[in-house]
$ cat target.pdb   # PDB, N, CA and C atoms
ATOM      1  N   MET A   1     116.263 -11.663-181.829
ATOM      2  CA  MET A   1     116.764 -12.972-182.200
ATOM      3  C   MET A   1     118.165 -13.203-181.641
ATOM      4  N   LYS A   2     119.038 -12.173-181.729
ATOM      5  CA  LYS A   2     120.397 -12.313-181.204
ATOM      6  C   LYS A   2     120.362 -12.575-179.705
ATOM      7  N   THR A   3     119.473 -11.910-179.013
ATOM      8  CA  THR A   3     119.361 -12.091-177.566
ATOM      9  C   THR A   3     118.979 -13.539-177.244
ATOM     10  N   PHE A   4     118.041 -14.088-178.009
ATOM     11  CA  PHE A   4     117.613 -15.461-177.793
ATOM     12  C   PHE A   4     118.779 -16.435-177.975
ATOM     13  N   ILE A   5     119.586 -16.249-179.000
ATOM     14  CA  ILE A   5     120.724 -17.130-179.268
ATOM     15  C   ILE A   5     121.761 -17.007-178.155
ATOM     16  N   VAL A   6     122.026 -15.791-177.710
ATOM     17  CA  VAL A   6     122.995 -15.587-176.626
ATOM     18  C   VAL A   6     122.517 -16.279-175.352
ATOM     19  N   VAL A   7     121.245 -16.133-175.035
ATOM     20  CA  VAL A   7     120.685 -16.766-173.833
ATOM     21  C   VAL A   7     120.743 -18.295-173.964
ATOM     22  N   LEU A   8     120.424 -18.806-175.148
ATOM     23  CA  LEU A   8     120.459 -20.245-175.374
ATOM     24  C   LEU A   8     121.871 -20.804-175.220
ATOM     25  N   VAL A   9     122.849 -20.152-175.811
ATOM     26  CA  VAL A   9     124.237 -20.587-175.711
ATOM     27  C   VAL A   9     124.713 -20.515-174.263
ATOM     28  N   ALA A  10     124.404 -19.436-173.577
ATOM     29  CA  ALA A  10     124.801 -19.291-172.166
ATOM     30  C   ALA A  10     124.175 -20.380-171.317
ATOM     31  N   SER A  11     122.929 -20.712-171.578
ATOM     32  CA  SER A  11     122.257 -21.774-170.822
ATOM     33  C   SER A  11     122.922 -23.124-171.042
ATOM     34  N   LEU A  12     123.282 -23.410-172.271
ATOM     35  CA  LEU A  12     123.937 -24.683-172.570
ATOM     36  C   LEU A  12     125.281 -24.792-171.862
ATOM     37  N   PHE A  13     126.057 -23.718-171.855
ATOM     38  CA  PHE A  13     127.350 -23.741-171.172
ATOM     39  C   PHE A  13     127.179 -23.930-169.671
ATOM     40  N   SER A  14     126.206 -23.280-169.068
ATOM     41  CA  SER A  14     126.018 -23.416-167.624
ATOM     42  C   SER A  14     125.527 -24.821-167.268
ATOM     43  N   LEU A  15     124.667 -25.401-168.083
ATOM     44  CA  LEU A  15     124.197 -26.761-167.816
ATOM     45  C   LEU A  15     125.306 -27.783-167.967
ATOM     46  N   SER A  16     126.177 -27.624-168.955
ATOM     47  CA  SER A  16     127.270 -28.571-169.121
ATOM     48  C   SER A  16     128.258 -28.467-167.967
ATOM     49  N   GLY A  17     128.457 -27.284-167.430
ATOM     50  CA  GLY A  17     129.338 -27.097-166.275
ATOM     51  C   GLY A  17     128.796 -27.783-165.044
ATOM     52  N   ILE A  18     127.496 -27.713-164.849
ATOM     53  CA  ILE A  18     126.864 -28.367-163.697
ATOM     54  C   ILE A  18     127.001 -29.882-163.818
ATOM     55  N   ALA A  19     126.786 -30.412-165.000
ATOM     56  CA  ALA A  19     126.875 -31.860-165.203
ATOM     57  C   ALA A  19     128.290 -32.362-164.959
ATOM     58  N   GLN A  20     129.301 -31.604-165.330
ATOM     59  CA  GLN A  20     130.676 -32.034-165.143
ATOM     60  C   GLN A  20     131.100 -31.979-163.681
ATOM     61  N   GLU A  21     130.550 -31.060-162.909
ATOM     62  CA  GLU A  21     130.940 -30.903-161.503
ATOM     63  C   GLU A  21     130.324 -31.967-160.611
ATOM     64  N   LYS A  22     129.208 -32.544-161.022
ATOM     65  CA  LYS A  22     128.514 -33.518-160.184
ATOM     66  C   LYS A  22     129.312 -34.813-160.130
ATOM     67  N   LYS A  23     129.657 -35.237-158.918
ATOM     68  CA  LYS A  23     130.393 -36.480-158.726
ATOM     69  C   LYS A  23     129.566 -37.406-157.851
ATOM     70  N   SER A  24     129.921 -38.665-157.877
ATOM     71  CA  SER A  24     129.171 -39.677-157.143
ATOM     72  C   SER A  24     129.391 -39.572-155.638
ATOM     73  N   LYS A  25     128.298 -39.682-154.888
ATOM     74  CA  LYS A  25     128.386 -39.682-153.433
ATOM     75  C   LYS A  25     128.606 -41.084-152.879
ATOM     76  N   ASN A  26     128.399 -42.080-153.697
ATOM     77  CA  ASN A  26     128.555 -43.470-153.264
ATOM     78  C   ASN A  26     129.256 -44.282-154.339
ATOM     79  N   LYS A  27     130.481 -43.896-154.659
ATOM     80  CA  LYS A  27     131.226 -44.607-155.685
ATOM     81  C   LYS A  27     131.908 -45.824-155.071
ATOM     82  N   LYS A  28     131.727 -46.979-155.700
ATOM     83  CA  LYS A  28     132.391 -48.199-155.255
ATOM     84  C   LYS A  28     133.730 -48.305-155.964
ATOM     85  N   VAL A  29     134.764 -48.570-155.180
ATOM     86  CA  VAL A  29     136.128 -48.633-155.696
ATOM     87  C   VAL A  29     136.830 -49.808-155.044
ATOM     88  N   GLU A  30     137.732 -50.433-155.777
ATOM     89  CA  GLU A  30     138.600 -51.434-155.162
ATOM     90  C   GLU A  30     139.971 -51.366-155.814
ATOM     91  N   PHE A  31     140.993 -51.605-154.992
ATOM     92  CA  PHE A  31     142.354 -51.640-155.515
ATOM     93  C   PHE A  31     143.223 -52.485-154.602
ATOM     94  N   LYS A  32     144.371 -52.910-155.118
ATOM     95  CA  LYS A  32     145.290 -53.787-154.399
ATOM     96  C   LYS A  32     146.011 -53.025-153.292
ATOM     97  N   VAL A  33     146.127 -53.684-152.141
ATOM     98  CA  VAL A  33     146.880 -53.162-151.001
ATOM     99  C   VAL A  33     147.637 -54.335-150.382
ATOM    100  N   ALA A  34     148.958 -54.199-150.262
ATOM    101  CA  ALA A  34     149.790 -55.266-149.709
ATOM    102  C   ALA A  34     149.645 -55.343-148.195
ATOM    103  N   GLY A  35     149.620 -56.566-147.683
ATOM    104  CA  GLY A  35     149.529 -56.813-146.252
ATOM    105  C   GLY A  35     149.490 -58.307-146.007
ATOM    106  N   ASN A  36     149.549 -58.703-144.729
ATOM    107  CA  ASN A  36     149.623 -60.121-144.394
ATOM    108  C   ASN A  36     148.562 -60.643-143.438
ATOM    109  N   CYS A  37     148.161 -59.836-142.476
ATOM    110  CA  CYS A  37     147.427 -60.399-141.344
ATOM    111  C   CYS A  37     146.287 -59.499-140.875
ATOM    112  N   GLU A  38     145.668 -59.905-139.769
ATOM    113  CA  GLU A  38     144.564 -59.130-139.215
ATOM    114  C   GLU A  38     145.022 -57.780-138.666
ATOM    115  N   MET A  39     146.266 -57.706-138.187
ATOM    116  CA  MET A  39     146.794 -56.408-137.744
ATOM    117  C   MET A  39     146.898 -55.465-138.940
ATOM    118  N   CYS A  40     147.321 -55.993-140.068
ATOM    119  CA  CYS A  40     147.385 -55.201-141.310
ATOM    120  C   CYS A  40     145.984 -54.718-141.681
ATOM    121  N   GLU A  41     145.021 -55.630-141.598
ATOM    122  CA  GLU A  41     143.639 -55.294-141.936
ATOM    123  C   GLU A  41     143.150 -54.100-141.120
ATOM    124  N   LYS A  42     143.365 -54.148-139.813
ATOM    125  CA  LYS A  42     142.925 -53.053-138.944
ATOM    126  C   LYS A  42     143.630 -51.746-139.300
ATOM    127  N   ARG A  43     144.920 -51.817-139.545
ATOM    128  CA  ARG A  43     145.715 -50.628-139.866
ATOM    129  C   ARG A  43     145.281 -50.015-141.199
ATOM    130  N   ILE A  44     145.095 -50.869-142.198
ATOM    131  CA  ILE A  44     144.704 -50.415-143.539
ATOM    132  C   ILE A  44     143.315 -49.773-143.504
ATOM    133  N   GLU A  45     142.376 -50.434-142.870
ATOM    134  CA  GLU A  45     141.011 -49.903-142.798
ATOM    135  C   GLU A  45     140.957 -48.609-141.989
ATOM    136  N   LYS A  46     141.727 -48.552-140.896
ATOM    137  CA  LYS A  46     141.763 -47.332-140.088
ATOM    138  C   LYS A  46     142.326 -46.168-140.908
ATOM    139  N   ALA A  47     143.364 -46.428-141.684
ATOM    140  CA  ALA A  47     143.951 -45.388-142.538
ATOM    141  C   ALA A  47     142.928 -44.917-143.577
ATOM    142  N   ALA A  48     142.200 -45.849-144.164
ATOM    143  CA  ALA A  48     141.190 -45.483-145.161
ATOM    144  C   ALA A  48     140.103 -44.619-144.528
ATOM    145  N   PHE A  49     139.620 -45.022-143.353
ATOM    146  CA  PHE A  49     138.570 -44.261-142.680
ATOM    147  C   PHE A  49     139.050 -42.895-142.182
ATOM    148  N   SER A  50     140.350 -42.705-142.104
ATOM    149  CA  SER A  50     140.862 -41.395-141.670
ATOM    150  C   SER A  50     140.670 -40.320-142.744
ATOM    151  N   VAL A  51     140.347 -40.748-143.953
ATOM    152  CA  VAL A  51     140.131 -39.817-145.061
ATOM    153  C   VAL A  51     138.658 -39.405-145.078
ATOM    154  N   LYS A  52     138.430 -38.096-144.992
ATOM    155  CA  LYS A  52     137.058 -37.585-145.023
ATOM    156  C   LYS A  52     136.418 -37.949-146.360
ATOM    157  N   GLY A  53     135.252 -38.559-146.292
ATOM    158  CA  GLY A  53     134.549 -38.967-147.499
ATOM    159  C   GLY A  53     134.513 -40.469-147.704
ATOM    160  N   VAL A  54     135.287 -41.212-146.913
ATOM    161  CA  VAL A  54     135.248 -42.673-146.998
ATOM    162  C   VAL A  54     134.072 -43.157-146.149
ATOM    163  N   LYS A  55     133.147 -43.833-146.795
ATOM    164  CA  LYS A  55     131.955 -44.313-146.103
ATOM    165  C   LYS A  55     132.078 -45.772-145.670
ATOM    166  N   SER A  56     132.833 -46.548-146.449
ATOM    167  CA  SER A  56     133.023 -47.963-146.145
ATOM    168  C   SER A  56     134.413 -48.372-146.609
ATOM    169  N   ALA A  57     135.063 -49.215-145.798
ATOM    170  CA  ALA A  57     136.396 -49.723-146.153
ATOM    171  C   ALA A  57     136.511 -51.152-145.635
ATOM    172  N   ASP A  58     136.827 -52.066-146.527
ATOM    173  CA  ASP A  58     136.925 -53.474-146.161
ATOM    174  C   ASP A  58     138.103 -54.089-146.920
ATOM    175  N   TRP A  59     139.198 -54.384-146.190
ATOM    176  CA  TRP A  59     140.381 -54.997-146.801
ATOM    177  C   TRP A  59     140.239 -56.511-146.718
ATOM    178  N   HIS A  60     140.462 -57.179-147.853
ATOM    179  CA  HIS A  60     140.323 -58.636-147.931
ATOM    180  C   HIS A  60     141.705 -59.279-147.905
ATOM    181  N   ILE A  61     141.975 -60.012-146.836
ATOM    182  CA  ILE A  61     143.286 -60.631-146.648
ATOM    183  C   ILE A  61     143.579 -61.672-147.737
ATOM    184  N   ASP A  62     142.547 -62.378-148.204
ATOM    185  CA  ASP A  62     142.765 -63.436-149.187
ATOM    186  C   ASP A  62     143.096 -62.904-150.586
ATOM    187  N   HIS A  63     142.549 -61.766-150.957
ATOM    188  CA  HIS A  63     142.807 -61.192-152.281
ATOM    189  C   HIS A  63     143.758 -59.998-152.243
ATOM    190  N   LYS A  64     144.064 -59.526-151.025
ATOM    191  CA  LYS A  64     144.958 -58.369-150.855
ATOM    192  C   LYS A  64     144.419 -57.136-151.586
ATOM    193  N   ASP A  65     143.102 -56.898-151.433
ATOM    194  CA  ASP A  65     142.529 -55.693-152.010
ATOM    195  C   ASP A  65     141.565 -55.051-151.027
ATOM    196  N   ILE A  66     141.327 -53.772-151.242
ATOM    197  CA  ILE A  66     140.405 -53.041-150.389
ATOM    198  C   ILE A  66     139.195 -52.641-151.214
ATOM    199  N   HIS A  67     138.030 -52.790-150.614
ATOM    200  CA  HIS A  67     136.769 -52.391-151.238
ATOM    201  C   HIS A  67     136.279 -51.155-150.487
ATOM    202  N   LEU A  68     136.045 -50.100-151.231
ATOM    203  CA  LEU A  68     135.661 -48.824-150.636
ATOM    204  C   LEU A  68     134.342 -48.323-151.210
ATOM    205  N   ILE A  69     133.651 -47.539-150.417
ATOM    206  CA  ILE A  69     132.585 -46.671-150.910
ATOM    207  C   ILE A  69     133.002 -45.274-150.485
ATOM    208  N   ILE A  70     133.161 -44.383-151.471
ATOM    209  CA  ILE A  70     133.630 -43.032-151.182
ATOM    210  C   ILE A  70     132.679 -41.988-151.765
ATOM    211  N   ASP A  71     132.703 -40.826-151.156
ATOM    212  CA  ASP A  71     132.009 -39.652-151.683
ATOM    213  C   ASP A  71     133.045 -38.872-152.477
ATOM    214  N   GLU A  72     132.936 -38.901-153.788
ATOM    215  CA  GLU A  72     133.923 -38.254-154.654
ATOM    216  C   GLU A  72     133.940 -36.736-154.508
ATOM    217  N   ASN A  73     132.921 -36.175-153.882
ATOM    218  CA  ASN A  73     132.912 -34.737-153.631
ATOM    219  C   ASN A  73     133.848 -34.377-152.481
ATOM    220  N   LYS A  74     134.205 -35.355-151.659
ATOM    221  CA  LYS A  74     135.035 -35.107-150.483
ATOM    222  C   LYS A  74     136.428 -35.718-150.575
ATOM    223  N   CYS A  75     136.604 -36.765-151.365
ATOM    224  CA  CYS A  75     137.919 -37.411-151.464
ATOM    225  C   CYS A  75     138.059 -38.131-152.794
ATOM    226  N   SER A  76     139.270 -38.576-153.047
ATOM    227  CA  SER A  76     139.550 -39.334-154.268
ATOM    228  C   SER A  76     140.198 -40.661-153.892
ATOM    229  N   VAL A  77     140.294 -41.546-154.850
ATOM    230  CA  VAL A  77     140.976 -42.818-154.642
ATOM    231  C   VAL A  77     142.433 -42.546-154.264
ATOM    232  N   GLU A  78     143.034 -41.568-154.898
ATOM    233  CA  GLU A  78     144.426 -41.221-154.601
ATOM    234  C   GLU A  78     144.588 -40.764-153.150
ATOM    235  N   ASP A  79     143.626 -40.014-152.617
ATOM    236  CA  ASP A  79     143.684 -39.584-151.215
ATOM    237  C   ASP A  79     143.734 -40.799-150.285
ATOM    238  N   VAL A  80     142.910 -41.788-150.576
ATOM    239  CA  VAL A  80     142.855 -42.994-149.745
ATOM    240  C   VAL A  80     144.152 -43.791-149.888
ATOM    241  N   ALA A  81     144.634 -43.937-151.107
ATOM    242  CA  ALA A  81     145.882 -44.677-151.349
ATOM    243  C   ALA A  81     147.054 -44.003-150.626
ATOM    244  N   LYS A  82     147.101 -42.685-150.610
ATOM    245  CA  LYS A  82     148.160 -41.956-149.893
ATOM    246  C   LYS A  82     148.094 -42.229-148.399
ATOM    247  N   ALA A  83     146.898 -42.227-147.837
ATOM    248  CA  ALA A  83     146.734 -42.479-146.397
ATOM    249  C   ALA A  83     147.182 -43.894-146.042
ATOM    250  N   ILE A  84     146.863 -44.858-146.884
ATOM    251  CA  ILE A  84     147.256 -46.245-146.634
ATOM    252  C   ILE A  84     148.776 -46.399-146.772
ATOM    253  N   ALA A  85     149.352 -45.783-147.773
ATOM    254  CA  ALA A  85     150.814 -45.840-147.955
ATOM    255  C   ALA A  85     151.530 -45.180-146.780
ATOM    256  N   ALA A  86     150.934 -44.159-146.206
ATOM    257  CA  ALA A  86     151.556 -43.443-145.090
ATOM    258  C   ALA A  86     151.680 -44.307-143.835
ATOM    259  N   VAL A  87     150.879 -45.377-143.741
ATOM    260  CA  VAL A  87     150.985 -46.280-142.584
ATOM    261  C   VAL A  87     151.800 -47.527-142.919
ATOM    262  N   GLY A  88     152.442 -47.522-144.103
ATOM    263  CA  GLY A  88     153.393 -48.588-144.426
ATOM    264  C   GLY A  88     152.965 -49.627-145.431
ATOM    265  N   HIS A  89     151.792 -49.469-146.036
ATOM    266  CA  HIS A  89     151.292 -50.486-146.957
ATOM    267  C   HIS A  89     151.307 -49.984-148.399
ATOM    268  N   ASP A  90     151.976 -50.751-149.263
ATOM    269  CA  ASP A  90     151.995 -50.420-150.689
ATOM    270  C   ASP A  90     150.600 -50.617-151.278
ATOM    271  N   THR A  91     150.224 -49.723-152.180
ATOM    272  CA  THR A  91     148.986 -49.889-152.935
ATOM    273  C   THR A  91     149.364 -49.987-154.406
ATOM    274  N   GLU A  92     148.417 -50.328-155.225
ATOM    275  CA  GLU A  92     148.728 -50.407-156.652
ATOM    276  C   GLU A  92     149.006 -49.030-157.242
ATOM    277  N   PHE A  93     148.667 -47.971-156.514
ATOM    278  CA  PHE A  93     148.878 -46.609-157.004
ATOM    279  C   PHE A  93     150.085 -45.919-156.372
ATOM    280  N   ILE A  94     150.312 -46.177-155.092
ATOM    281  CA  ILE A  94     151.364 -45.477-154.350
ATOM    282  C   ILE A  94     152.125 -46.475-153.484
ATOM    283  N   LYS A  95     153.433 -46.433-153.576
ATOM    284  CA  LYS A  95     154.289 -47.294-152.759
ATOM    285  C   LYS A  95     154.605 -46.569-151.448
ATOM    286  N   ALA A  96     154.551 -47.301-150.350
ATOM    287  CA  ALA A  96     154.879 -46.729-149.038
ATOM    288  C   ALA A  96     156.358 -46.366-148.981
ATOM    289  N   LYS A  97     156.672 -45.331-148.223
ATOM    290  CA  LYS A  97     158.076 -44.976-148.010
ATOM    291  C   LYS A  97     158.736 -46.100-147.215
ATOM    292  N   ASP A  98     160.024 -46.319-147.475
ATOM    293  CA  ASP A  98     160.756 -47.386-146.780
ATOM    294  C   ASP A  98     160.681 -47.226-145.265
ATOM    295  N   GLU A  99     160.813 -45.991-144.779
ATOM    296  CA  GLU A  99     160.781 -45.784-143.325
ATOM    297  C   GLU A  99     159.412 -46.106-142.725
ATOM    298  N   ASP A 100     158.325 -45.915-143.485
ATOM    299  CA  ASP A 100     156.994 -46.282-142.993
ATOM    300  C   ASP A 100     156.815 -47.800-143.010
ATOM    301  N   TYR A 101     157.301 -48.447-144.059
ATOM    302  CA  TYR A 101     157.235 -49.906-144.156
ATOM    303  C   TYR A 101     158.007 -50.555-143.007
ATOM    304  N   GLU A 102     159.189 -50.031-142.706
ATOM    305  CA  GLU A 102     160.050 -50.620-141.672
ATOM    306  C   GLU A 102     159.484 -50.477-140.263
ATOM    307  N   LYS A 103     158.508 -49.610-140.057
ATOM    308  CA  LYS A 103     157.861 -49.445-138.757
ATOM    309  C   LYS A 103     156.817 -50.530-138.484
ATOM    310  N   LEU A 104     156.453 -51.294-139.504
ATOM    311  CA  LEU A 104     155.442 -52.340-139.337
ATOM    312  C   LEU A 104     155.956 -53.450-138.424
ATOM    313  N   HIS A 105     155.036 -54.109-137.739
ATOM    314  CA  HIS A 105     155.339 -55.267-136.912
ATOM    315  C   HIS A 105     155.932 -56.357-137.799
ATOM    316  N   GLY A 106     156.751 -57.213-137.232
ATOM    317  CA  GLY A 106     157.439 -58.263-137.989
ATOM    318  C   GLY A 106     156.534 -59.125-138.852
ATOM    319  N   CYS A 107     155.374 -59.504-138.317
ATOM    320  CA  CYS A 107     154.474 -60.364-139.101
ATOM    321  C   CYS A 107     153.788 -59.598-140.229
ATOM    322  N   CYS A 108     153.857 -58.288-140.171
ATOM    323  CA  CYS A 108     153.197 -57.451-141.182
ATOM    324  C   CYS A 108     154.115 -57.109-142.356
ATOM    325  N   LEU A 109     155.400 -57.482-142.248
ATOM    326  CA  LEU A 109     156.355 -57.156-143.313
ATOM    327  C   LEU A 109     156.117 -58.072-144.507
ATOM    328  N   TYR A 110     155.322 -57.602-145.423
ATOM    329  CA  TYR A 110     154.970 -58.335-146.634
ATOM    330  C   TYR A 110     156.118 -58.266-147.641
ATOM    331  N   ASN A 111     156.091 -59.122-148.641
ATOM    332  CA  ASN A 111     157.096 -59.102-149.708
ATOM    333  C   ASN A 111     156.820 -57.933-150.638
ATOM    334  N   ARG A 112     157.782 -57.032-150.736
ATOM    335  CA  ARG A 112     157.633 -55.864-151.609
ATOM    336  C   ARG A 112     158.160 -56.187-152.992
ATOM    337  N   LEU A 113     157.581 -55.590-153.976
ATOM    338  CA  LEU A 113     158.038 -55.775-155.363
ATOM    339  C   LEU A 113     159.049 -54.737-155.742
TER     340      LEU A 113
END
$ encode --input "target.pdb" --output "structure tokens"
Amino acid sequence: MKTFIVVLVASLFSLSGIAQEKKSKNKKVEFKVAGNCEMCEKRIEKAAFSVKGVKSADWHIDHKDIHLIIDENKCSVEDVAKAIAAVGHDTEFIKAKDEDYEKLHGCCLYNRL
């Protein structure tokens, strides 16, 4: 009887561990990204696609947000936000460094908060 209980408890722990590790391969995400123009759009999307695990990236100039499909097993939203900030664009999660922002073309210099 003790053996049965030990095996049952061990099985439950291993199954719960498997369930917690499983992440979505096609998670839809969207967040705010500052920018002004089509040059910004290309730069932002290119930065997003540079992150392994990004399957789709579409920045909307009218709403100033990016729509992503990511594989959570390979990347996180924070990974994508860091890559976008590194090319000079503030996100709702990470602000670009001043020196990266200042490298943007004149028409791309959006109003920072």
$ residues_around --input "target.pdb" --residues "A:Ala48" --least-positions-apart "3" --cutoff "6.5 Å" --atoms "only N, CA and C atoms" --output "ChimeraX atom specification"
/A:43-45,51,54,57,80,83-84
$ resolve_selection --input "target.pdb" --expression "the PyMOL selection byres (((chain A and resi 75 and name CA) around 12) and name CA)" --output "PyMOL selection string"
chain A and resi 23-27+48-55+68-74+76-83
$ atom_distance --input "target.pdb" --atom1 "atom N of A:Gly88" --atom2 "atom CA of A:Cys107"
13.9 Å
$ atom_distance --input "target.pdb" --atom1 "atom CA of A:Asn111" --atom2 "atom CA of A:Glu41"
16.0 Å
$ resolve_selection --input "target.pdb" --expression "the PyMOL selection byres ((chain A and resi 62-66) around 6.5)" --output "PyMOL selection string"
chain A and resi 29-35+57-61+67-68
$ closest_residue --input "target.pdb" --among "A:Lys95, A:Lys22, A:Lys28, A:His89" --to "A:Leu109" --atoms "only C-alpha atoms"
A:His89
$ select_by_dssp --input "target.pdb" --residues "chain A" --states "alpha helix (DSSP H)" --output "count of residues only"
46
$ atom_distance --input "target.pdb" --atom1 "atom CA of A:Lys46" --atom2 "atom C of A:Leu113"
24.5 Å
$ residues_near_point --input "target.pdb" --point "(152.3, -62.1, -139.8)" --cutoff "7 Å" --atoms "only C-alpha atoms" --output "NGL selection string"
:A and (36-37 or 106-108)
$ select_by_dssp --input "target.pdb" --residues "chain A" --states "strand (DSSP E)" --output "number ranges by chain"
A: 27-32, 54-60, 65-70
$ decode --input "target.pdb" --residues "stretch 76-90 of chain A" --atoms "N, CA, C and O atoms" --output "PDB file, in the first residue's frame"
ATOM      1  N   SER A  76      10.418  35.565 -25.269  1.00  0.00           N
ATOM      2  CA  SER A  76       9.384  36.182 -24.435  1.00  0.00           C
ATOM      3  C   SER A  76       9.037  37.553 -25.006  1.00  0.00           C
ATOM      4  O   SER A  76       9.759  38.094 -25.848  1.00  0.00           O
ATOM      5  N   VAL A  77       7.971  38.127 -24.514  1.00  0.00           N
ATOM      6  CA  VAL A  77       7.586  39.477 -24.910  1.00  0.00           C
ATOM      7  C   VAL A  77       8.711  40.444 -24.541  1.00  0.00           C
ATOM      8  O   VAL A  77       9.041  41.352 -25.314  1.00  0.00           O
ATOM      9  N   GLU A  78       9.316  40.238 -23.396  1.00  0.00           N
ATOM     10  CA  GLU A  78      10.415  41.102 -22.958  1.00  0.00           C
ATOM     11  C   GLU A  78      11.598  41.032 -23.924  1.00  0.00           C
ATOM     12  O   GLU A  78      12.229  42.053 -24.208  1.00  0.00           O
ATOM     13  N   ASP A  79      11.903  39.851 -24.458  1.00  0.00           N
ATOM     14  CA  ASP A  79      12.989  39.715 -25.436  1.00  0.00           C
ATOM     15  C   ASP A  79      12.719  40.592 -26.660  1.00  0.00           C
ATOM     16  O   ASP A  79      13.619  41.272 -27.169  1.00  0.00           O
ATOM     17  N   VAL A  80      11.485  40.573 -27.129  1.00  0.00           N
ATOM     18  CA  VAL A  80      11.114  41.358 -28.309  1.00  0.00           C
ATOM     19  C   VAL A  80      11.162  42.851 -27.985  1.00  0.00           C
ATOM     20  O   VAL A  80      11.694  43.654 -28.760  1.00  0.00           O
ATOM     21  N   ALA A  81      10.638  43.232 -26.835  1.00  0.00           N
ATOM     22  CA  ALA A  81      10.644  44.644 -26.426  1.00  0.00           C
ATOM     23  C   ALA A  81      12.083  45.161 -26.303  1.00  0.00           C
ATOM     24  O   ALA A  81      12.373  46.297 -26.704  1.00  0.00           O
ATOM     25  N   LYS A  82      12.991  44.355 -25.787  1.00  0.00           N
ATOM     26  CA  LYS A  82      14.406  44.749 -25.681  1.00  0.00           C
ATOM     27  C   LYS A  82      15.013  44.973 -27.057  1.00  0.00           C
ATOM     28  O   LYS A  82      15.755  45.940 -27.265  1.00  0.00           O
ATOM     29  N   ALA A  83      14.718  44.093 -27.998  1.00  0.00           N
ATOM     30  CA  ALA A  83      15.260  44.225 -29.359  1.00  0.00           C
ATOM     31  C   ALA A  83      14.742  45.497 -30.025  1.00  0.00           C
ATOM     32  O   ALA A  83      15.493  46.201 -30.714  1.00  0.00           O
ATOM     33  N   ILE A  84      13.477  45.812 -29.824  1.00  0.00           N
ATOM     34  CA  ILE A  84      12.892  47.016 -30.413  1.00  0.00           C
ATOM     35  C   ILE A  84      13.483  48.270 -29.757  1.00  0.00           C
ATOM     36  O   ILE A  84      13.825  49.234 -30.443  1.00  0.00           O
ATOM     37  N   ALA A  85      13.633  48.250 -28.456  1.00  0.00           N
ATOM     38  CA  ALA A  85      14.234  49.395 -27.748  1.00  0.00           C
ATOM     39  C   ALA A  85      15.682  49.600 -28.186  1.00  0.00           C
ATOM     40  O   ALA A  85      16.156  50.736 -28.272  1.00  0.00           O
ATOM     41  N   ALA A  86      16.375  48.530 -28.505  1.00  0.00           N
ATOM     42  CA  ALA A  86      17.778  48.624 -28.910  1.00  0.00           C
ATOM     43  C   ALA A  86      17.958  49.356 -30.239  1.00  0.00           C
ATOM     44  O   ALA A  86      19.045  49.875 -30.514  1.00  0.00           O
ATOM     45  N   VAL A  87      16.893  49.432 -31.050  1.00  0.00           N
ATOM     46  CA  VAL A  87      16.984  50.168 -32.321  1.00  0.00           C
ATOM     47  C   VAL A  87      16.383  51.567 -32.202  1.00  0.00           C
ATOM     48  O   VAL A  87      16.201  52.249 -33.208  1.00  0.00           O
ATOM     49  N   GLY A  88      16.060  51.976 -30.960  1.00  0.00           N
ATOM     50  CA  GLY A  88      15.655  53.364 -30.728  1.00  0.00           C
ATOM     51  C   GLY A  88      14.196  53.632 -30.464  1.00  0.00           C
ATOM     52  O   GLY A  88      13.794  54.790 -30.336  1.00  0.00           O
ATOM     53  N   HIS A  89      13.375  52.592 -30.364  1.00  0.00           N
ATOM     54  CA  HIS A  89      11.939  52.798 -30.190  1.00  0.00           C
ATOM     55  C   HIS A  89      11.487  52.391 -28.789  1.00  0.00           C
ATOM     56  O   HIS A  89      11.717  51.263 -28.357  1.00  0.00           O
ATOM     57  N   ASP A  90      10.840  53.336 -28.101  1.00  0.00           N
ATOM     58  CA  ASP A  90      10.285  53.043 -26.779  1.00  0.00           C
ATOM     59  C   ASP A  90       9.125  52.061 -26.918  1.00  0.00           C
ATOM     60  O   ASP A  90       8.325  52.163 -27.854  1.00  0.00           O
TER      61      ASP A  90
END
